[in-house]
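Student: This structure is in structure tokens; I'll ask about it shortly.
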Number of protein chains: 2
Amino acid sequence: MTAFGGAVALVGDLDHEAEQLARLLHDRLTKPRGSLGRLETIGAQLAAIAGVAPPPIPTPAAVVVFAGDHGVTAQGVTPWPQEVTAQMVANFVTGGAAINVLARQLGASVTVVDVGVATVLDDAPGLLQRNVRRGTADLAIGPAMTLEEVNRALDVGTEIANRLVDGGARALVTGEMGIGNTTAAAAVIAALTGRGPEAVTGRGTGIDDAMLAHKIAVIDKAIARLPAGADARAVLSEVGGLEITALTGYIVGSAARRVPVVVDGVIADAALLAAADLCPQAVGFVFAGHRSTEPGAAAVLEHLGIEPILDLGMRLGEGSGACLALPILEASARVLSEMATFDSAGVVDKES
Amino acid sequence: MTAFGGAVALVGDLDHEAEQLARLLHDRLTKPRGSLGRLETIGAQLAAIAGVAPPPIPTPAAVVVFAGDHGVTAQGVTPWPQEVTAQMVANFVTGGAAINVLARQLGASVTVVDVGVATVLDDAPGLLQRNVRRGTADLAIGPAMTLEEVNRALDVGTEIANRLVDGGARALVTGEMGIGNTTAAAAVIAALTGRGPEAVTGRGTGIDDAMLAHKIAVIDKAIARLPAGADARAVLSEVGGLEITALTGYIVGSAARRVPVVVDGVIADAALLAAADLCPQAVGFVFAGHRSTEPGAAAVLEHLGIEPILDLGMRLGEGSGACLALPILEASARVLSEMATFDSAGVVDKES
């Protein structure tokens, strides 16, 4: 069995008994019932994921940045040259990118994985070489990759999730880098939600009206090649990206280990949609760290019925928005473990 | 001059040159321009507050919980007995309340100040005795306190802000505790925004329809005693609370020291409104940590044109929602100080 197939088989049900215990515990803590809002529902979900209430504190966290290139950049869908992917990998490895700053602040590690960068990268500490192919083919012309490459990229994602959990990570964060990847993500989202490309395609790193119209037209034509009801593997093969596919394997791998996974923006949301198609029960192990301003991100969260934790007008990717949600997850667990109860603190409870 | 009067005189203008420098620096960092959303605007505001770009990292932070009782509890506007204020003060002092858990996680100190608790409290480490009066008078019947008591409570707030900044705090968080204080806060908000009590009064810690209607009627009648155009001191005296008034002095005191102050929910928002009336330029030094579910909170933020950082469905108070925004403030400063520029990282900038 492949690493990804093994993970799909391992993903279990959420523990609704632990979830209910967390809710009951919340009602005994020294505060009006329900007054901690999302912290209470997040805490209950953490209990359901871990199978115990109160849930374990979800630290340390680990961020993975999967990097991959996109043949569709040949179509002029982004003003950034493809070599920026490799340049940013170097920036991640030396600690100068936004995700490095945020992860350092929040005590999370950053692992960079080359799953599909177009150029051969020098070995470096913190960089894992898992290149499946040197960038996707141009999805405007034909399939981005083969089904065999999809399966290999899924396995890379699952392997990395296992590696980080084995190393002690108790929350995983999705990150990615790939010039052109908002085009692939929008195509995956349009194909798997059935929404029109014009509704789920955004300006990515910043493009003008003409380039946006062209980007939508490229996506529209590419997804038209897919048969109705194509599954996530077929969609990823036709219009996906190597980093998107690895993220799909990573999300399912995290769920298989019953470790919460915090997804970032539109690229991770596309991967989450693919994960939901290949392994529906994995969705319960996921938190949406934030709502990216890219329209495809909101479309996925709405499609899956997931409310994001933050909404800060961000659209950088790299895992940056998800990373910022980590203190909220930690706080949600800590209040359940550390707050006094009405009884223990000698505070009168109006409900009793 | 009183401590508060001195603070009002000291509050300066925001430094728009430093703000502009922060914006220009953001455009050189290795990310698409504007892609960090609110982190970029918060970083620029931190620079404007500190008068330097990049701004200093706003840590360590200090939370103050001002505690006060409310005579209006005699009207049956809350199901919680008044003694819960003192019981919760004991809980804060021993570290068992939600704000203690959150502050510990985020590396912030918690200082508890008795500015108006009805009963005499035993001395305890971390508790400052600054009682101005043993709870307000019942605002349903007459003025909650005298103007002289308002001035003394303002001074307490300013003194505490100075004390914490002198002790090294680089961000201040507003916290409070006082059974009945959502009634006083809604009255202050109605009086100072001109909105009807029914639009700004909520269920506080959790009340039913009948109690809510009664609470609104009590507020309506009380604010009718105020002359048109009454200033914040007159409003605080007639319908305010001692902790709300101290928070007003604290916010202005923090601004006078050019230290960012993160306001919490509806009680702090009422104090912010009073601060804006007494010292308009203090508002630029304020961040709204979150949007409480209490309707008065959204009314104040809209009135002052402030966008909250978080929106997590919280309504606990104590400073809990504001405390959770601290990592976002810190991140906003850190990206400006620690991220690589396009030049330093050797990354191609599409704009250049």
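By convention in this document, the chains of the structure tokens carry letters A, B, ... by their order, each chain's residues are numbered from 1, and ligands are numbered from 1 in the order they are shown.
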Return as CSV the residues of chain B lying at most 8 Å from chain A, together with the closest atom-to-atom pair for each and the distance in Å to one decimal, counting only C-alpha atoms, with rows in chain order and ascending residue number.
Tutor:
```
residue,atom,partner,partner_atom,distance
B:Thr30,CA,A:Ala97,CA,6.4
B:Lys31,CA,A:Leu316,CA,6.9
B:Pro32,CA,A:Thr205,CA,5.5
B:Arg33,CA,A:Thr205,CA,7.9
B:Ser35,CA,A:Leu316,CA,4.9
B:Leu36,CA,A:Met314,CA,4.8
B:Gly37,CA,A:Met314,CA,4.5
B:Arg38,CA,A:Leu312,CA,5.2
B:Leu39,CA,A:Leu312,CA,7.5
B:Pro79,CA,A:Lys350,CA,6.3
B:Trp80,CA,A:Lys350,CA,5.5
B:Pro81,CA,A:Lys350,CA,7.8
B:Val84,CA,A:Val347,CA,6.3
B:Gln87,CA,A:Val347,CA,5.5
B:Met88,CA,A:Val347,CA,6.8
B:Asn91,CA,A:Ala345,CA,6.1
B:Gly96,CA,A:Ala340,CA,4.6
B:Ala97,CA,A:Met339,CA,5.6
B:Ala98,CA,A:Met339,CA,6.0
B:Val101,CA,A:Val335,CA,6.2
B:Leu102,CA,A:Ala331,CA,6.3
B:Gln105,CA,A:Ala331,CA,7.3
B:Thr205,CA,A:Pro32,CA,5.4
B:Gly206,CA,A:Pro32,CA,7.1
B:Ile309,CA,A:Leu312,CA,7.3
B:Leu310,CA,A:Leu310,CA,6.6
B:Asp311,CA,A:Leu310,CA,7.5
B:Leu312,CA,A:Arg38,CA,5.2
B:Gly313,CA,A:Gly37,CA,4.5
B:Met314,CA,A:Gly37,CA,4.5
B:Arg315,CA,A:Ser35,CA,4.9
B:Leu316,CA,A:Ser35,CA,4.9
B:Leu324,CA,A:Ile328,CA,7.0
B:Pro327,CA,A:Pro327,CA,7.5
B:Ile328,CA,A:Leu324,CA,7.0
B:Ala331,CA,A:Leu102,CA,6.3
B:Arg334,CA,A:Val101,CA,6.8
B:Val335,CA,A:Val101,CA,6.2
B:Glu338,CA,A:Val101,CA,6.4
B:Met339,CA,A:Gly96,CA,4.9
B:Ala340,CA,A:Gly96,CA,4.6
B:Ala345,CA,A:Asn91,CA,6.1
B:Gly346,CA,A:Gln87,CA,7.0
B:Val347,CA,A:Gln87,CA,5.5
B:Val348,CA,A:Val84,CA,6.4
B:Asp349,CA,A:Trp80,CA,7.7
B:Lys350,CA,A:Trp80,CA,5.5
```
Student: Using only C-alpha atoms, determine which residues lie at most 12 Å from Leu278 of chain A, disregarding the query and same-chain residues fewer than 4 positions distant; provide the list as a compact mmCIF listing (two decimals) with all heavy atoms, in the first residue's frame.
Tutor:
```
# COMPACT_ATOMS: atom_id res chain seq x y z
N PHE A 4 0.13 7.20 1.13
CA PHE A 4 -1.14 7.91 1.15
C PHE A 4 -2.31 6.95 1.35
O PHE A 4 -3.21 7.21 2.16
CB PHE A 4 -1.33 8.70 -0.16
CG PHE A 4 -2.64 9.43 -0.22
CD1 PHE A 4 -2.85 10.57 0.54
CD2 PHE A 4 -3.67 8.96 -1.02
CE1 PHE A 4 -4.06 11.23 0.50
CE2 PHE A 4 -4.89 9.62 -1.08
CZ PHE A 4 -5.09 10.76 -0.31
N GLY A 5 -2.29 5.81 0.65
CA GLY A 5 -3.36 4.83 0.80
C GLY A 5 -3.44 4.33 2.24
O GLY A 5 -4.53 4.16 2.80
N ALA A 7 -2.59 5.99 4.86
CA ALA A 7 -3.14 7.07 5.69
C ALA A 7 -4.65 7.14 5.55
O ALA A 7 -5.37 7.27 6.55
CB ALA A 7 -2.50 8.41 5.30
N VAL A 8 -5.15 7.01 4.32
CA VAL A 8 -6.61 7.05 4.11
C VAL A 8 -7.27 5.95 4.94
O VAL A 8 -8.30 6.18 5.60
CB VAL A 8 -6.96 6.90 2.61
CG1 VAL A 8 -8.46 6.69 2.42
CG2 VAL A 8 -6.48 8.11 1.82
N ALA A 9 -6.66 4.77 4.93
CA ALA A 9 -7.24 3.65 5.67
C ALA A 9 -7.22 3.90 7.18
O ALA A 9 -8.08 3.40 7.92
CB ALA A 9 -6.47 2.36 5.34
N VAL A 11 -7.44 6.95 8.76
CA VAL A 11 -8.21 8.09 9.28
C VAL A 11 -9.48 7.58 9.95
O VAL A 11 -10.29 6.90 9.33
CB VAL A 11 -8.55 9.11 8.17
CG1 VAL A 11 -9.43 10.22 8.73
CG2 VAL A 11 -7.28 9.69 7.57
N ASN A 151 0.15 10.29 -7.55
CA ASN A 151 0.28 9.34 -6.44
C ASN A 151 1.61 9.52 -5.70
O ASN A 151 1.65 9.45 -4.47
CB ASN A 151 0.14 7.91 -6.95
CG ASN A 151 -1.31 7.58 -7.29
OD1 ASN A 151 -2.24 8.13 -6.67
ND2 ASN A 151 -1.51 6.73 -8.28
N LEU A 154 1.28 12.68 -3.57
CA LEU A 154 0.45 12.39 -2.39
C LEU A 154 1.28 11.68 -1.33
O LEU A 154 1.21 12.00 -0.13
CB LEU A 154 -0.76 11.52 -2.77
CG LEU A 154 -1.87 12.16 -3.61
CD1 LEU A 154 -2.86 11.09 -4.09
CD2 LEU A 154 -2.61 13.24 -2.80
N LEU A 192 -13.74 20.89 -8.72
CA LEU A 192 -14.28 20.05 -7.63
C LEU A 192 -15.51 20.65 -6.94
O LEU A 192 -16.22 19.95 -6.23
CB LEU A 192 -13.19 19.74 -6.60
CG LEU A 192 -12.11 18.74 -7.05
CD1 LEU A 192 -11.01 18.61 -5.99
CD2 LEU A 192 -12.72 17.36 -7.35
N ALA A 230 -15.28 13.94 -12.46
CA ALA A 230 -13.89 13.48 -12.30
C ALA A 230 -13.50 13.53 -10.83
O ALA A 230 -13.86 14.46 -10.11
CB ALA A 230 -12.96 14.38 -13.12
N ASP A 231 -12.78 12.50 -10.38
CA ASP A 231 -12.41 12.50 -8.96
C ASP A 231 -11.16 13.37 -8.74
O ASP A 231 -10.58 13.91 -9.69
CB ASP A 231 -12.21 11.07 -8.45
CG ASP A 231 -10.90 10.45 -8.90
OD1 ASP A 231 -10.18 11.07 -9.71
OD2 ASP A 231 -10.60 9.33 -8.44
N ALA A 232 -10.77 13.52 -7.47
CA ALA A 232 -9.70 14.46 -7.14
C ALA A 232 -8.38 14.09 -7.81
O ALA A 232 -7.64 14.97 -8.25
CB ALA A 232 -9.53 14.53 -5.63
N ARG A 233 -8.08 12.78 -7.91
CA ARG A 233 -6.82 12.39 -8.56
C ARG A 233 -6.81 12.84 -10.02
O ARG A 233 -5.82 13.37 -10.52
CB ARG A 233 -6.63 10.87 -8.49
CG ARG A 233 -5.93 10.38 -7.24
CD ARG A 233 -5.55 8.89 -7.40
NE ARG A 233 -4.93 8.38 -6.19
CZ ARG A 233 -5.59 7.98 -5.11
NH1 ARG A 233 -6.92 8.05 -5.09
NH2 ARG A 233 -4.95 7.53 -4.05
N ALA A 234 -7.93 12.64 -10.71
CA ALA A 234 -8.02 13.04 -12.12
C ALA A 234 -7.90 14.56 -12.25
O ALA A 234 -7.23 15.07 -13.15
CB ALA A 234 -9.35 12.57 -12.71
N VAL A 235 -8.53 15.28 -11.33
CA VAL A 235 -8.48 16.75 -11.36
C VAL A 235 -7.05 17.23 -11.10
O VAL A 235 -6.53 18.11 -11.81
CB VAL A 235 -9.47 17.35 -10.34
CG1 VAL A 235 -9.24 18.84 -10.17
CG2 VAL A 235 -10.91 17.07 -10.76
N LEU A 236 -6.40 16.66 -10.09
CA LEU A 236 -5.02 17.07 -9.78
C LEU A 236 -4.10 16.77 -10.95
O LEU A 236 -3.21 17.56 -11.28
CB LEU A 236 -4.54 16.36 -8.51
CG LEU A 236 -5.20 16.80 -7.20
CD1 LEU A 236 -4.87 15.83 -6.06
CD2 LEU A 236 -4.78 18.23 -6.83
N THR A 245 -0.83 18.84 -4.58
CA THR A 245 -1.05 17.41 -4.41
C THR A 245 -0.34 16.90 -3.14
O THR A 245 -0.91 16.12 -2.37
CB THR A 245 -0.55 16.65 -5.66
OG1 THR A 245 -1.15 17.25 -6.81
CG2 THR A 245 -0.93 15.18 -5.59
N THR A 248 -2.33 17.74 -0.19
CA THR A 248 -3.47 16.82 -0.03
C THR A 248 -3.04 15.59 0.78
O THR A 248 -3.72 15.18 1.73
CB THR A 248 -4.01 16.41 -1.42
OG1 THR A 248 -4.38 17.58 -2.14
CG2 THR A 248 -5.20 15.48 -1.29
N GLY A 249 -1.90 15.04 0.42
CA GLY A 249 -1.38 13.89 1.15
C GLY A 249 -1.01 14.23 2.59
O GLY A 249 -1.19 13.42 3.51
N ILE A 251 -2.40 16.62 4.48
CA ILE A 251 -3.62 16.81 5.28
C ILE A 251 -4.17 15.46 5.72
O ILE A 251 -4.50 15.25 6.90
CB ILE A 251 -4.68 17.62 4.48
CG1 ILE A 251 -4.21 19.07 4.29
CG2 ILE A 251 -6.05 17.55 5.15
CD1 ILE A 251 -5.01 19.88 3.27
N VAL A 252 -4.25 14.53 4.79
CA VAL A 252 -4.77 13.20 5.13
C VAL A 252 -3.81 12.49 6.09
O VAL A 252 -4.24 11.83 7.05
CB VAL A 252 -5.02 12.37 3.85
CG1 VAL A 252 -5.41 10.93 4.21
CG2 VAL A 252 -6.10 13.03 3.00
N ALA A 271 -6.14 22.01 -1.89
CA ALA A 271 -5.67 20.70 -1.43
C ALA A 271 -6.67 20.07 -0.46
O ALA A 271 -6.91 18.86 -0.49
CB ALA A 271 -4.30 20.84 -0.77
N LEU A 272 -7.24 20.90 0.38
CA LEU A 272 -8.24 20.41 1.34
C LEU A 272 -9.45 19.85 0.61
O LEU A 272 -10.01 18.81 1.00
CB LEU A 272 -8.66 21.55 2.28
CG LEU A 272 -9.84 21.30 3.21
CD1 LEU A 272 -9.58 20.09 4.12
CD2 LEU A 272 -10.13 22.54 4.05
N LEU A 273 -9.85 20.51 -0.45
CA LEU A 273 -10.99 20.06 -1.24
C LEU A 273 -10.68 18.69 -1.86
O LEU A 273 -11.53 17.79 -1.86
CB LEU A 273 -11.23 21.10 -2.33
CG LEU A 273 -12.57 21.22 -3.00
CD1 LEU A 273 -13.69 21.40 -1.99
CD2 LEU A 273 -12.54 22.42 -3.96
N ALA A 274 -9.45 18.54 -2.35
CA ALA A 274 -9.04 17.25 -2.90
C ALA A 274 -9.01 16.18 -1.81
O ALA A 274 -9.46 15.05 -2.00
CB ALA A 274 -7.68 17.37 -3.58
N ALA A 282 -11.39 13.05 6.76
CA ALA A 282 -10.21 13.85 7.13
C ALA A 282 -10.60 15.29 7.47
O ALA A 282 -9.90 15.97 8.23
CB ALA A 282 -9.17 13.83 6.01
N VAL A 283 -11.70 15.76 6.91
CA VAL A 283 -12.09 17.17 7.08
C VAL A 283 -12.28 17.54 8.55
O VAL A 283 -11.99 18.66 8.97
CB VAL A 283 -13.36 17.49 6.26
CG1 VAL A 283 -13.83 18.91 6.49
CG2 VAL A 283 -13.09 17.26 4.77
```
Student: Residues near Gly76 of chain A, anyone? I mean within 9 Å using only C-alpha atoms, not counting same-chain ones fewer than 5 positions away, as an mmCIF file with C-alpha atoms, in the first residue's frame.
Tutor:
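Wrote around_25.cif, looks like this:
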```cif
data_model
loop_
_atom_site.group_PDB
_atom_site.id
_atom_site.type_symbol
_atom_site.label_atom_id
_atom_site.label_comp_id
_atom_site.auth_asym_id
_atom_site.auth_seq_id
_atom_site.Cartn_x
_atom_site.Cartn_y
_atom_site.Cartn_z
ATOM 1 C CA MET A 211 -4.341 39.302 -17.017
ATOM 2 C CA HIS A 214 -6.837 35.724 -19.488
ATOM 3 C CA LYS A 215 -6.225 33.604 -16.367
#
```
Student: Write out as an NGL selection string the residues lying within 7 Å of segment 284-288 of chain B, counting only C-alpha atoms and excluding same-chain residues fewer than 3 positions away.
Tutor: :B and (14 or 49 or 255 or 260-264 or 281 or 306-309)
